[in-house]
Amino acid sequence: MTSTQQREQLQSQIWKIANEVRGAVDGWDFKQFILGTLFYRFISENFANHIEGGDDSIVYADLPDSVISPEIKDDAIKTKGYFIYPSQLFVNIAKTANNNPNLNTELKAIFNSIESSANGYPSEKDIKGLFADFDTTSTRLGNTVEDKNIRLAAVIKGVAGLDFGDFEDNEIDLFGDAYEFLIHNYAANAGKSGGEFFTPQCVSRLIARLAMHGQTSINKIYDPAAGSGSLLLQAKKQFDTHVIEDGFFGQEINHTTYNLARMNMFLHSINYDKFDIALGNTLINPQFGDEKPFDAIVSNPPYSVNWIGSDDPTLINDDRFAPAGVLAPKSKADFAFVLHALSYLSGRGRAAIVCFPGIFYRGGAEQKIRKYLVDNNFVETIIALAPNLFYGTSIAVNILVLSKHKGNDMTIQFIDATGSDFFKKETNNNILEEEHIERIIGIFDSKEEVENVSKNVDNKLIAENDYNLSVSSYVEVKETRKETDIKELNERIRRIVARENELRNEIDKIIADLEEDGL
């Protein structure tokens with residue numbers, strides 16, 4: 001079996017489990033139990049593999065808890081960030097899950113133990129609350145303890161039966177792929193609520209490529225609206241042959257999604273000392289001011305959400321917003337996220353941000369912010385993507401690429417990638433295939449002007465156009481109507497008129513014949 005076949009088989013099995021076990025529970029509500037169980041199995045096997053250190057004579061799961069010395073525990077926590085006793089491993093819980101009357105309370109105790117093992121260590125904030133949404137006492141699992149245990153056992157046995165292959169060879173990748181597959185499917189089936197925290201992988205790949213284009217190494221990468229971490233993880237995948245020196249940073253306002261993002265980091269083999277995901281409101285309470293600047297910033301912030309804006313008069317003096325001289329509208333925070341990203345961007349880096357198209361042509365405060373961005377030459381490229389790429393919206397969104405190192409290049413590149421040759425049409429959502437991504441990156445890199453696709457416009461012309469940054473204002477749409485041949489059209493009309501006269505004469509003759517016959 002090839003790796004692709006193994007991955008497809010695994011994904012099919014895990015989605016089947018996710019749907020069968022949840023019963024009448026809504027899939028979106030049930031997702032944390034499947035995702036949490038998968039994560040529990042992963043960190044158990046990952047931790048056991050670390051302790052065994054490749055020594056086939058040691059089977060950590062078979063050891064009694066009593067043999068674990070304080071030194072072993074201390075060393076493991078410093079390395080892995082957490083500790084799991086042999087009796088707490090997923091494999092040992094799975095063995096007795098069907099017959100354990102205390103399964104839900106034992107799991108709760110194990111999760112609490114794993115989290116508290118990091119207390120007082122550098123990993124504490126990365127581990128704390130990881131299992132908060134895996135509530136084994138939740139009524140979503142059932143109304144009685146017995147009902148809860150039956151469903152928990154079914155989830156555990158289902159995940160235990162998944163074949164992730166040999167750990168050393170491919171398990172980490174398959175675990176991570178399975179986790180992203182589940183998040184992807186939950187988001188797709190949940191519509192808007194799912195799309196709010198998950199950027200489709202094809203778009204994530206494009207954004208990561210844009211943000212890190214031309215870099216052989218970067219200091220660190222940041223997502224101010226991290227969601228489940230999909231954009232940061234795509235950056236890791238795109239940068240496998242390079243170096244992200246100081247790790248992955250992100251902030252997320254939703255607690256459940258924040259936990260998913262941290263789990264996602266672990267599942268993709270990013271250790272606790274290489275990532276920092278913070279919980280909180282990025283616009284009001286940013287967490288990484290001491291970490292800036294960042295060489296790469298990727299983001300898909302929520303579209304046109306409300307924020308406090310001018311109701312907080314101190315914000316106009318905030319280092320992020322003050323240079324523009326105006327705050328984003330209270331009902332549309334889009335440009336607040338853009339200015340935040342710009343403030344955190346290094347002089348050598350790029351930010352690639354998914355944006356709602358309306359911010360590029362509306363007036364008022366948004367026009368003033370565009371003026372600030374254009375006059376200071378921070379806008380490198382704006383790309384209009386195909387419609388229906390995101391869950392929960394059919395809007396053809398844009399990608400804004402910001403840069404602080406354009407030098408003497410006083411133009412902005414506009415790319416119209418909405419045409420049918422820039423995406424593949426699917427039943428539910430359109431997708432960008434690798435050839436589409438490569439074509440967009442190629443045009444972005446070369447700054448080539450392609451008829452009906454891309455154009456480089458001088459900042460002065462944009463200023464004269466009231467700082468309108470809408471792609472359609474500068475890239476002419478290809479004429480798809482068939483060109484009309486006037487001579488051919490006139491000849492067709494002549495023939496039609498002649499035939500009409502013939503038919504009229506024939507009708508007149510028939511009427512005359514009928515009248516002669518007295519009919």
# chains A, B, ... in the order shown; residues from 1 in each chain; ligands from 1
$ select_by_dssp --residues "region 172-412 of chain A" --states "helix (DSSP H, G or I)" --output "PDB file with N, CA and C atoms, in the first residue's frame"
ATOM      1  N   ILE A 172       3.966  10.548  12.796  1.00  0.00           N
ATOM      2  CA  ILE A 172       3.712  11.957  13.090  1.00  0.00           C
ATOM      3  C   ILE A 172       2.965  12.614  11.932  1.00  0.00           C
ATOM      4  N   ASP A 173       3.414  12.360  10.697  1.00  0.00           N
ATOM      5  CA  ASP A 173       2.754  12.964   9.550  1.00  0.00           C
ATOM      6  C   ASP A 173       1.315  12.483   9.425  1.00  0.00           C
ATOM      7  N   LEU A 174       1.099  11.181   9.634  1.00  0.00           N
ATOM      8  CA  LEU A 174      -0.242  10.640   9.488  1.00  0.00           C
ATOM      9  C   LEU A 174      -1.162  11.149  10.586  1.00  0.00           C
ATOM     10  N   PHE A 175      -0.674  11.256  11.796  1.00  0.00           N
ATOM     11  CA  PHE A 175      -1.473  11.824  12.871  1.00  0.00           C
ATOM     12  C   PHE A 175      -1.880  13.253  12.515  1.00  0.00           C
ATOM     13  N   GLY A 176      -0.907  14.047  12.105  1.00  0.00           N
ATOM     14  CA  GLY A 176      -1.190  15.433  11.756  1.00  0.00           C
ATOM     15  C   GLY A 176      -2.149  15.548  10.592  1.00  0.00           C
ATOM     16  N   ASP A 177      -1.944  14.700   9.568  1.00  0.00           N
ATOM     17  CA  ASP A 177      -2.830  14.712   8.412  1.00  0.00           C
ATOM     18  C   ASP A 177      -4.254  14.314   8.806  1.00  0.00           C
ATOM     19  N   ALA A 178      -4.354  13.299   9.679  1.00  0.00           N
ATOM     20  CA  ALA A 178      -5.671  12.848  10.126  1.00  0.00           C
ATOM     21  C   ALA A 178      -6.383  13.955  10.899  1.00  0.00           C
ATOM     22  N   TYR A 179      -5.643  14.661  11.721  1.00  0.00           N
ATOM     23  CA  TYR A 179      -6.204  15.745  12.524  1.00  0.00           C
ATOM     24  C   TYR A 179      -6.693  16.878  11.622  1.00  0.00           C
ATOM     25  N   GLU A 180      -5.866  17.266  10.657  1.00  0.00           N
ATOM     26  CA  GLU A 180      -6.273  18.327   9.728  1.00  0.00           C
ATOM     27  C   GLU A 180      -7.443  17.883   8.861  1.00  0.00           C
ATOM     28  N   PHE A 181      -7.452  16.594   8.497  1.00  0.00           N
ATOM     29  CA  PHE A 181      -8.566  16.056   7.708  1.00  0.00           C
ATOM     30  C   PHE A 181      -9.872  16.197   8.476  1.00  0.00           C
ATOM     31  N   LEU A 182      -9.831  15.872   9.763  1.00  0.00           N
ATOM     32  CA  LEU A 182     -11.029  15.986  10.586  1.00  0.00           C
ATOM     33  C   LEU A 182     -11.477  17.440  10.708  1.00  0.00           C
ATOM     34  N   ILE A 183     -10.530  18.336  10.995  1.00  0.00           N
ATOM     35  CA  ILE A 183     -10.872  19.752  11.119  1.00  0.00           C
ATOM     36  C   ILE A 183     -11.464  20.264   9.806  1.00  0.00           C
ATOM     37  N   HIS A 184     -10.846  19.872   8.698  1.00  0.00           N
ATOM     38  CA  HIS A 184     -11.315  20.274   7.362  1.00  0.00           C
ATOM     39  C   HIS A 184     -12.763  19.836   7.153  1.00  0.00           C
ATOM     40  N   ASN A 185     -13.064  18.578   7.471  1.00  0.00           N
ATOM     41  CA  ASN A 185     -14.405  18.052   7.242  1.00  0.00           C
ATOM     42  C   ASN A 185     -15.431  18.650   8.186  1.00  0.00           C
ATOM     43  N   TYR A 186     -15.037  18.845   9.438  1.00  0.00           N
ATOM     44  CA  TYR A 186     -15.955  19.490  10.373  1.00  0.00           C
ATOM     45  C   TYR A 186     -16.257  20.913   9.906  1.00  0.00           C
ATOM     46  N   ALA A 187     -15.239  21.626   9.456  1.00  0.00           N
ATOM     47  CA  ALA A 187     -15.431  22.999   8.986  1.00  0.00           C
ATOM     48  C   ALA A 187     -16.328  23.020   7.750  1.00  0.00           C
ATOM     49  N   ALA A 188     -16.080  22.103   6.818  1.00  0.00           N
ATOM     50  CA  ALA A 188     -16.861  22.065   5.581  1.00  0.00           C
ATOM     51  C   ALA A 188     -18.329  21.768   5.864  1.00  0.00           C
ATOM     52  N   ASN A 189     -18.584  20.879   6.817  1.00  0.00           N
ATOM     53  CA  ASN A 189     -19.956  20.490   7.131  1.00  0.00           C
ATOM     54  C   ASN A 189     -20.653  21.485   8.042  1.00  0.00           C
ATOM     55  N   ALA A 190     -19.864  22.306   8.735  1.00  0.00           N
ATOM     56  CA  ALA A 190     -20.451  23.288   9.643  1.00  0.00           C
ATOM     57  C   ALA A 190     -20.727  24.614   8.947  1.00  0.00           C
ATOM     58  N   LYS A 192     -20.509  28.260   7.791  1.00  0.00           N
ATOM     59  CA  LYS A 192     -19.885  29.511   8.224  1.00  0.00           C
ATOM     60  C   LYS A 192     -19.128  29.348   9.529  1.00  0.00           C
ATOM     61  N   SER A 193     -19.735  28.660  10.524  1.00  0.00           N
ATOM     62  CA  SER A 193     -19.085  28.546  11.831  1.00  0.00           C
ATOM     63  C   SER A 193     -17.771  27.800  11.729  1.00  0.00           C
ATOM     64  N   GLY A 194     -17.685  26.860  10.766  1.00  0.00           N
ATOM     65  CA  GLY A 194     -16.432  26.143  10.593  1.00  0.00           C
ATOM     66  C   GLY A 194     -15.403  26.960   9.843  1.00  0.00           C
ATOM     67  N   GLY A 195     -15.892  27.673   8.811  1.00  0.00           N
ATOM     68  CA  GLY A 195     -14.988  28.472   7.991  1.00  0.00           C
ATOM     69  C   GLY A 195     -14.320  29.588   8.760  1.00  0.00           C
ATOM     70  N   GLN A 201      -6.729  24.332   2.880  1.00  0.00           N
ATOM     71  CA  GLN A 201      -5.291  24.086   2.714  1.00  0.00           C
ATOM     72  C   GLN A 201      -4.738  24.687   1.429  1.00  0.00           C
ATOM     73  N   CYS A 202      -5.525  24.654   0.364  1.00  0.00           N
ATOM     74  CA  CYS A 202      -4.992  25.182  -0.903  1.00  0.00           C
ATOM     75  C   CYS A 202      -4.724  26.687  -0.796  1.00  0.00           C
ATOM     76  N   VAL A 203      -5.609  27.403  -0.111  1.00  0.00           N
ATOM     77  CA  VAL A 203      -5.403  28.838   0.078  1.00  0.00           C
ATOM     78  C   VAL A 203      -4.267  29.070   1.067  1.00  0.00           C
ATOM     79  N   SER A 204      -4.201  28.225   2.102  1.00  0.00           N
ATOM     80  CA  SER A 204      -3.110  28.343   3.086  1.00  0.00           C
ATOM     81  C   SER A 204      -1.746  28.187   2.429  1.00  0.00           C
ATOM     82  N   ARG A 205      -1.647  27.257   1.479  1.00  0.00           N
ATOM     83  CA  ARG A 205      -0.380  27.051   0.775  1.00  0.00           C
ATOM     84  C   ARG A 205       0.026  28.300   0.006  1.00  0.00           C
ATOM     85  N   LEU A 206      -0.935  28.891  -0.672  1.00  0.00           N
ATOM     86  CA  LEU A 206      -0.655  30.100  -1.445  1.00  0.00           C
ATOM     87  C   LEU A 206      -0.209  31.235  -0.523  1.00  0.00           C
ATOM     88  N   ILE A 207      -0.913  31.442   0.569  1.00  0.00           N
ATOM     89  CA  ILE A 207      -0.584  32.524   1.499  1.00  0.00           C
ATOM     90  C   ILE A 207       0.809  32.324   2.087  1.00  0.00           C
ATOM     91  N   ALA A 208       1.114  31.085   2.500  1.00  0.00           N
ATOM     92  CA  ALA A 208       2.435  30.798   3.067  1.00  0.00           C
ATOM     93  C   ALA A 208       3.538  31.046   2.044  1.00  0.00           C
ATOM     94  N   ARG A 209       3.290  30.645   0.791  1.00  0.00           N
ATOM     95  CA  ARG A 209       4.284  30.852  -0.266  1.00  0.00           C
ATOM     96  C   ARG A 209       4.521  32.343  -0.495  1.00  0.00           C
ATOM     97  N   LEU A 210       3.453  33.123  -0.477  1.00  0.00           N
ATOM     98  CA  LEU A 210       3.578  34.566  -0.696  1.00  0.00           C
ATOM     99  C   LEU A 210       4.351  35.229   0.438  1.00  0.00           C
ATOM    100  N   ALA A 211       4.027  34.865   1.676  1.00  0.00           N
ATOM    101  CA  ALA A 211       4.656  35.509   2.834  1.00  0.00           C
ATOM    102  C   ALA A 211       6.143  35.196   2.927  1.00  0.00           C
ATOM    103  N   SER A 230      -3.889  26.391  10.871  1.00  0.00           N
ATOM    104  CA  SER A 230      -3.640  25.818   9.547  1.00  0.00           C
ATOM    105  C   SER A 230      -2.666  26.642   8.715  1.00  0.00           C
ATOM    106  N   LEU A 231      -2.710  27.967   8.829  1.00  0.00           N
ATOM    107  CA  LEU A 231      -1.795  28.811   8.053  1.00  0.00           C
ATOM    108  C   LEU A 231      -0.356  28.654   8.538  1.00  0.00           C
ATOM    109  N   LEU A 232      -0.161  28.615   9.842  1.00  0.00           N
ATOM    110  CA  LEU A 232       1.187  28.442  10.387  1.00  0.00           C
ATOM    111  C   LEU A 232       1.762  27.089   9.985  1.00  0.00           C
ATOM    112  N   LEU A 233       0.928  26.078  10.005  1.00  0.00           N
ATOM    113  CA  LEU A 233       1.402  24.735   9.674  1.00  0.00           C
ATOM    114  C   LEU A 233       1.739  24.605   8.200  1.00  0.00           C
ATOM    115  N   GLN A 234       0.995  25.292   7.344  1.00  0.00           N
ATOM    116  CA  GLN A 234       1.356  25.282   5.929  1.00  0.00           C
ATOM    117  C   GLN A 234       2.704  25.943   5.720  1.00  0.00           C
ATOM    118  N   ALA A 235       2.984  26.968   6.525  1.00  0.00           N
ATOM    119  CA  ALA A 235       4.303  27.611   6.428  1.00  0.00           C
ATOM    120  C   ALA A 235       5.399  26.616   6.782  1.00  0.00           C
ATOM    121  N   LYS A 236       5.165  25.801   7.784  1.00  0.00           N
ATOM    122  CA  LYS A 236       6.140  24.771   8.166  1.00  0.00           C
ATOM    123  C   LYS A 236       6.355  23.789   7.007  1.00  0.00           C
ATOM    124  N   LYS A 237       5.263  23.373   6.379  1.00  0.00           N
ATOM    125  CA  LYS A 237       5.375  22.415   5.281  1.00  0.00           C
ATOM    126  C   LYS A 237       6.099  23.026   4.079  1.00  0.00           C
ATOM    127  N   GLN A 238       5.815  24.298   3.797  1.00  0.00           N
ATOM    128  CA  GLN A 238       6.441  24.956   2.659  1.00  0.00           C
ATOM    129  C   GLN A 238       7.909  25.239   2.916  1.00  0.00           C
ATOM    130  N   HIS A 255     -11.698  30.255  22.603  1.00  0.00           N
ATOM    131  CA  HIS A 255     -10.983  29.331  23.487  1.00  0.00           C
ATOM    132  C   HIS A 255     -10.877  27.930  22.899  1.00  0.00           C
ATOM    133  N   THR A 256     -11.974  27.420  22.351  1.00  0.00           N
ATOM    134  CA  THR A 256     -11.953  26.071  21.774  1.00  0.00           C
ATOM    135  C   THR A 256     -10.977  26.000  20.600  1.00  0.00           C
ATOM    136  N   THR A 257     -11.025  26.995  19.738  1.00  0.00           N
ATOM    137  CA  THR A 257     -10.142  27.028  18.570  1.00  0.00           C
ATOM    138  C   THR A 257      -8.683  27.199  18.991  1.00  0.00           C
ATOM    139  N   TYR A 258      -8.466  27.965  20.028  1.00  0.00           N
ATOM    140  CA  TYR A 258      -7.126  28.156  20.607  1.00  0.00           C
ATOM    141  C   TYR A 258      -6.543  26.817  21.042  1.00  0.00           C
ATOM    142  N   ASN A 259      -7.366  25.985  21.675  1.00  0.00           N
ATOM    143  CA  ASN A 259      -6.890  24.657  22.078  1.00  0.00           C
ATOM    144  C   ASN A 259      -6.606  23.774  20.871  1.00  0.00           C
ATOM    145  N   LEU A 260      -7.464  23.873  19.841  1.00  0.00           N
ATOM    146  CA  LEU A 260      -7.226  23.096  18.619  1.00  0.00           C
ATOM    147  C   LEU A 260      -5.891  23.480  17.988  1.00  0.00           C
ATOM    148  N   ALA A 261      -5.584  24.766  17.986  1.00  0.00           N
ATOM    149  CA  ALA A 261      -4.335  25.235  17.386  1.00  0.00           C
ATOM    150  C   ALA A 261      -3.127  24.685  18.127  1.00  0.00           C
ATOM    151  N   ARG A 262      -3.180  24.701  19.470  1.00  0.00           N
ATOM    152  CA  ARG A 262      -2.046  24.177  20.244  1.00  0.00           C
ATOM    153  C   ARG A 262      -1.885  22.677  20.021  1.00  0.00           C
ATOM    154  N   MET A 263      -2.997  21.943  20.011  1.00  0.00           N
ATOM    155  CA  MET A 263      -2.924  20.510  19.724  1.00  0.00           C
ATOM    156  C   MET A 263      -2.329  20.274  18.341  1.00  0.00           C
ATOM    157  N   ASN A 264      -2.755  21.102  17.391  1.00  0.00           N
ATOM    158  CA  ASN A 264      -2.286  20.969  16.015  1.00  0.00           C
ATOM    159  C   ASN A 264      -0.769  21.140  15.922  1.00  0.00           C
ATOM    160  N   MET A 265      -0.212  22.041  16.727  1.00  0.00           N
ATOM    161  CA  MET A 265       1.242  22.222  16.745  1.00  0.00           C
ATOM    162  C   MET A 265       1.940  20.933  17.173  1.00  0.00           C
ATOM    163  N   PHE A 266       1.487  20.364  18.295  1.00  0.00           N
ATOM    164  CA  PHE A 266       2.082  19.119  18.791  1.00  0.00           C
ATOM    165  C   PHE A 266       1.948  18.005  17.763  1.00  0.00           C
ATOM    166  N   LEU A 267       0.759  17.896  17.175  1.00  0.00           N
ATOM    167  CA  LEU A 267       0.504  16.817  16.226  1.00  0.00           C
ATOM    168  C   LEU A 267       1.353  16.915  14.968  1.00  0.00           C
ATOM    169  N   TYR A 272       6.925  22.252  22.196  1.00  0.00           N
ATOM    170  CA  TYR A 272       6.409  23.405  22.939  1.00  0.00           C
ATOM    171  C   TYR A 272       7.348  24.603  22.897  1.00  0.00           C
ATOM    172  N   ASP A 273       8.653  24.373  22.809  1.00  0.00           N
ATOM    173  CA  ASP A 273       9.608  25.485  22.816  1.00  0.00           C
ATOM    174  C   ASP A 273       9.781  26.123  21.441  1.00  0.00           C
ATOM    175  N   LYS A 274       9.021  25.617  20.444  1.00  0.00           N
ATOM    176  CA  LYS A 274       9.094  26.180  19.099  1.00  0.00           C
ATOM    177  C   LYS A 274       7.783  26.841  18.668  1.00  0.00           C
ATOM    178  N   GLY A 309     -13.067  50.050  18.350  1.00  0.00           N
ATOM    179  CA  GLY A 309     -12.698  51.196  17.532  1.00  0.00           C
ATOM    180  C   GLY A 309     -12.663  52.518  18.274  1.00  0.00           C
ATOM    181  N   SER A 310     -13.369  53.503  17.737  1.00  0.00           N
ATOM    182  CA  SER A 310     -13.332  54.865  18.282  1.00  0.00           C
ATOM    183  C   SER A 310     -14.004  54.996  19.645  1.00  0.00           C
ATOM    184  N   ASP A 311     -14.705  53.960  20.102  1.00  0.00           N
ATOM    185  CA  ASP A 311     -15.283  54.003  21.442  1.00  0.00           C
ATOM    186  C   ASP A 311     -14.201  53.962  22.514  1.00  0.00           C
ATOM    187  N   PRO A 313     -10.951  55.859  23.029  1.00  0.00           N
ATOM    188  CA  PRO A 313     -10.147  56.968  22.488  1.00  0.00           C
ATOM    189  C   PRO A 313      -8.646  56.760  22.610  1.00  0.00           C
ATOM    190  N   THR A 314      -8.226  55.826  23.441  1.00  0.00           N
ATOM    191  CA  THR A 314      -6.779  55.591  23.593  1.00  0.00           C
ATOM    192  C   THR A 314      -6.192  54.855  22.396  1.00  0.00           C
ATOM    193  N   LEU A 315      -7.033  54.171  21.631  1.00  0.00           N
ATOM    194  CA  LEU A 315      -6.521  53.354  20.523  1.00  0.00           C
ATOM    195  C   LEU A 315      -5.881  54.188  19.422  1.00  0.00           C
ATOM    196  N   ILE A 316      -6.314  55.436  19.259  1.00  0.00           N
ATOM    197  CA  ILE A 316      -5.740  56.259  18.197  1.00  0.00           C
ATOM    198  C   ILE A 316      -4.278  56.582  18.488  1.00  0.00           C
ATOM    199  N   ASN A 317      -3.860  56.391  19.741  1.00  0.00           N
ATOM    200  CA  ASN A 317      -2.460  56.610  20.105  1.00  0.00           C
ATOM    201  C   ASN A 317      -1.662  55.314  20.119  1.00  0.00           C
ATOM    202  N   ALA A 322      -1.832  54.531  15.162  1.00  0.00           N
ATOM    203  CA  ALA A 322      -1.541  55.976  15.135  1.00  0.00           C
ATOM    204  C   ALA A 322      -0.964  56.461  13.800  1.00  0.00           C
ATOM    205  N   PRO A 323      -0.034  55.724  13.169  1.00  0.00           N
ATOM    206  CA  PRO A 323       0.557  56.246  11.926  1.00  0.00           C
ATOM    207  C   PRO A 323      -0.462  56.529  10.828  1.00  0.00           C
ATOM    208  N   ALA A 324      -1.561  55.779  10.814  1.00  0.00           N
ATOM    209  CA  ALA A 324      -2.576  56.000   9.774  1.00  0.00           C
ATOM    210  C   ALA A 324      -3.450  57.200  10.094  1.00  0.00           C
ATOM    211  N   ASP A 334     -11.601  45.052   9.570  1.00  0.00           N
ATOM    212  CA  ASP A 334     -10.632  44.479   8.621  1.00  0.00           C
ATOM    213  C   ASP A 334      -9.296  45.221   8.613  1.00  0.00           C
ATOM    214  N   PHE A 335      -9.353  46.544   8.470  1.00  0.00           N
ATOM    215  CA  PHE A 335      -8.117  47.306   8.372  1.00  0.00           C
ATOM    216  C   PHE A 335      -7.394  47.419   9.716  1.00  0.00           C
ATOM    217  N   ALA A 336      -8.102  47.176  10.814  1.00  0.00           N
ATOM    218  CA  ALA A 336      -7.422  47.132  12.114  1.00  0.00           C
ATOM    219  C   ALA A 336      -6.465  45.951  12.139  1.00  0.00           C
ATOM    220  N   PHE A 337      -6.902  44.807  11.591  1.00  0.00           N
ATOM    221  CA  PHE A 337      -6.022  43.635  11.503  1.00  0.00           C
ATOM    222  C   PHE A 337      -4.855  43.900  10.551  1.00  0.00           C
ATOM    223  N   VAL A 338      -5.136  44.591   9.446  1.00  0.00           N
ATOM    224  CA  VAL A 338      -4.079  44.901   8.478  1.00  0.00           C
ATOM    225  C   VAL A 338      -3.009  45.789   9.114  1.00  0.00           C
ATOM    226  N   LEU A 339      -3.436  46.850   9.810  1.00  0.00           N
ATOM    227  CA  LEU A 339      -2.476  47.756  10.441  1.00  0.00           C
ATOM    228  C   LEU A 339      -1.719  47.068  11.579  1.00  0.00           C
ATOM    229  N   HIS A 340      -2.392  46.176  12.283  1.00  0.00           N
ATOM    230  CA  HIS A 340      -1.714  45.393  13.324  1.00  0.00           C
ATOM    231  C   HIS A 340      -0.592  44.559  12.704  1.00  0.00           C
ATOM    232  N   ALA A 341      -0.908  43.863  11.609  1.00  0.00           N
ATOM    233  CA  ALA A 341       0.093  43.023  10.940  1.00  0.00           C
ATOM    234  C   ALA A 341       1.261  43.870  10.438  1.00  0.00           C
ATOM    235  N   LEU A 342       0.957  45.002   9.834  1.00  0.00           N
ATOM    236  CA  LEU A 342       2.005  45.880   9.314  1.00  0.00           C
ATOM    237  C   LEU A 342       2.944  46.332  10.428  1.00  0.00           C
ATOM    238  N   SER A 343       2.375  46.635  11.576  1.00  0.00           N
ATOM    239  CA  SER A 343       3.171  47.095  12.718  1.00  0.00           C
ATOM    240  C   SER A 343       4.125  46.016  13.215  1.00  0.00           C
ATOM    241  N   TYR A 344       3.732  44.756  13.068  1.00  0.00           N
ATOM    242  CA  TYR A 344       4.536  43.637  13.568  1.00  0.00           C
ATOM    243  C   TYR A 344       5.492  43.087  12.518  1.00  0.00           C
ATOM    244  N   PRO A 357     -13.241  42.052  -0.124  1.00  0.00           N
ATOM    245  CA  PRO A 357     -13.011  42.999  -1.228  1.00  0.00           C
ATOM    246  C   PRO A 357     -13.469  44.425  -0.952  1.00  0.00           C
ATOM    247  N   GLY A 358     -14.522  44.583  -0.148  1.00  0.00           N
ATOM    248  CA  GLY A 358     -15.080  45.905   0.077  1.00  0.00           C
ATOM    249  C   GLY A 358     -14.122  46.914   0.673  1.00  0.00           C
ATOM    250  N   ILE A 359     -13.133  46.452   1.428  1.00  0.00           N
ATOM    251  CA  ILE A 359     -12.216  47.391   2.082  1.00  0.00           C
ATOM    252  C   ILE A 359     -11.334  48.118   1.075  1.00  0.00           C
ATOM    253  N   PHE A 360     -11.273  47.620  -0.152  1.00  0.00           N
ATOM    254  CA  PHE A 360     -10.384  48.212  -1.145  1.00  0.00           C
ATOM    255  C   PHE A 360     -11.021  49.332  -1.964  1.00  0.00           C
ATOM    256  N   ALA A 365     -13.091  56.204   6.586  1.00  0.00           N
ATOM    257  CA  ALA A 365     -11.858  55.845   7.290  1.00  0.00           C
ATOM    258  C   ALA A 365     -11.038  54.824   6.511  1.00  0.00           C
ATOM    259  N   GLU A 366     -11.713  53.909   5.813  1.00  0.00           N
ATOM    260  CA  GLU A 366     -10.992  52.873   5.064  1.00  0.00           C
ATOM    261  C   GLU A 366     -10.204  53.495   3.911  1.00  0.00           C
ATOM    262  N   GLN A 367     -10.762  54.520   3.284  1.00  0.00           N
ATOM    263  CA  GLN A 367     -10.025  55.207   2.218  1.00  0.00           C
ATOM    264  C   GLN A 367      -8.780  55.892   2.787  1.00  0.00           C
ATOM    265  N   LYS A 368      -8.910  56.498   3.969  1.00  0.00           N
ATOM    266  CA  LYS A 368      -7.773  57.172   4.601  1.00  0.00           C
ATOM    267  C   LYS A 368      -6.668  56.177   4.961  1.00  0.00           C
ATOM    268  N   ILE A 369      -7.057  54.985   5.386  1.00  0.00           N
ATOM    269  CA  ILE A 369      -6.055  53.960   5.707  1.00  0.00           C
ATOM    270  C   ILE A 369      -5.367  53.489   4.425  1.00  0.00           C
ATOM    271  N   ARG A 370      -6.137  53.348   3.342  1.00  0.00           N
ATOM    272  CA  ARG A 370      -5.520  52.973   2.058  1.00  0.00           C
ATOM    273  C   ARG A 370      -4.528  54.046   1.624  1.00  0.00           C
ATOM    274  N   LYS A 371      -4.887  55.290   1.836  1.00  0.00           N
ATOM    275  CA  LYS A 371      -3.985  56.398   1.484  1.00  0.00           C
ATOM    276  C   LYS A 371      -2.671  56.266   2.247  1.00  0.00           C
ATOM    277  N   TYR A 372      -2.757  55.965   3.523  1.00  0.00           N
ATOM    278  CA  TYR A 372      -1.548  55.783   4.337  1.00  0.00           C
ATOM    279  C   TYR A 372      -0.692  54.639   3.790  1.00  0.00           C
ATOM    280  N   LEU A 373      -1.323  53.528   3.445  1.00  0.00           N
ATOM    281  CA  LEU A 373      -0.593  52.357   2.956  1.00  0.00           C
ATOM    282  C   LEU A 373       0.070  52.642   1.604  1.00  0.00           C
ATOM    283  N   VAL A 374      -0.655  53.306   0.725  1.00  0.00           N
ATOM    284  CA  VAL A 374      -0.123  53.583  -0.615  1.00  0.00           C
ATOM    285  C   VAL A 374       0.965  54.649  -0.559  1.00  0.00           C
ATOM    286  N   ASP A 375       0.698  55.751   0.136  1.00  0.00           N
ATOM    287  CA  ASP A 375       1.669  56.855   0.195  1.00  0.00           C
ATOM    288  C   ASP A 375       2.988  56.435   0.820  1.00  0.00           C
TER     289      ASP A 375
END
$ select_by_dssp --residues "region 45-281 of chain A" --states "strand (DSSP E or B)" --output "list in words"
Ser217, Ile218, Ile221, Tyr222, Asp223, Val243, Ile244, Phe248, Phe249, Gly250, Gln251, Glu252, Phe275, Asp276, Ile277, Ala278 and Leu279 of chain A
$ closest_residue --among "A:Asp65, A:Asp508, A:Asp445, A:Asp409" --to "Asn377 (chain A)" --atoms "only C-alpha atoms"
A:Asp409
$ residues_around --residues "Leu389 (chain A)" --least-positions-apart "2" --cutoff "9 Å" --atoms "only C-alpha atoms" --output "list in words"
Pro200, Cys202, Val203, Leu385, Ala386, Pro387, Tyr391, Thr393, Ser394, Ile395, Ala396, Val397, Phe423, Asn429, Asn430, Ile431 and Leu432 of chain A
$ write_last_selection --atoms "C-alpha atoms" --output "compact mmCIF listing (two decimals), in the first residue's frame"
# COMPACT_ATOMS: atom_id res chain seq x y z
CA PRO A 200 -8.69 25.70 3.21
CA CYS A 202 -4.99 25.18 -0.90
CA VAL A 203 -5.40 28.84 0.08
CA LEU A 385 -9.05 34.95 -5.94
CA ALA A 386 -11.78 32.80 -7.44
CA PRO A 387 -15.19 32.69 -5.73
CA TYR A 391 -16.47 27.51 3.68
CA THR A 393 -19.10 32.20 1.81
CA SER A 394 -19.04 32.31 -1.98
CA ILE A 395 -17.30 35.70 -2.04
CA ALA A 396 -14.23 36.04 -4.25
CA VAL A 397 -11.83 37.25 -1.55
CA PHE A 423 -9.07 27.25 -10.06
CA ASN A 429 -16.21 24.48 -2.99
CA ASN A 430 -13.74 25.45 -5.68
CA ILE A 431 -10.08 24.59 -5.06
CA LEU A 432 -6.66 25.83 -6.09
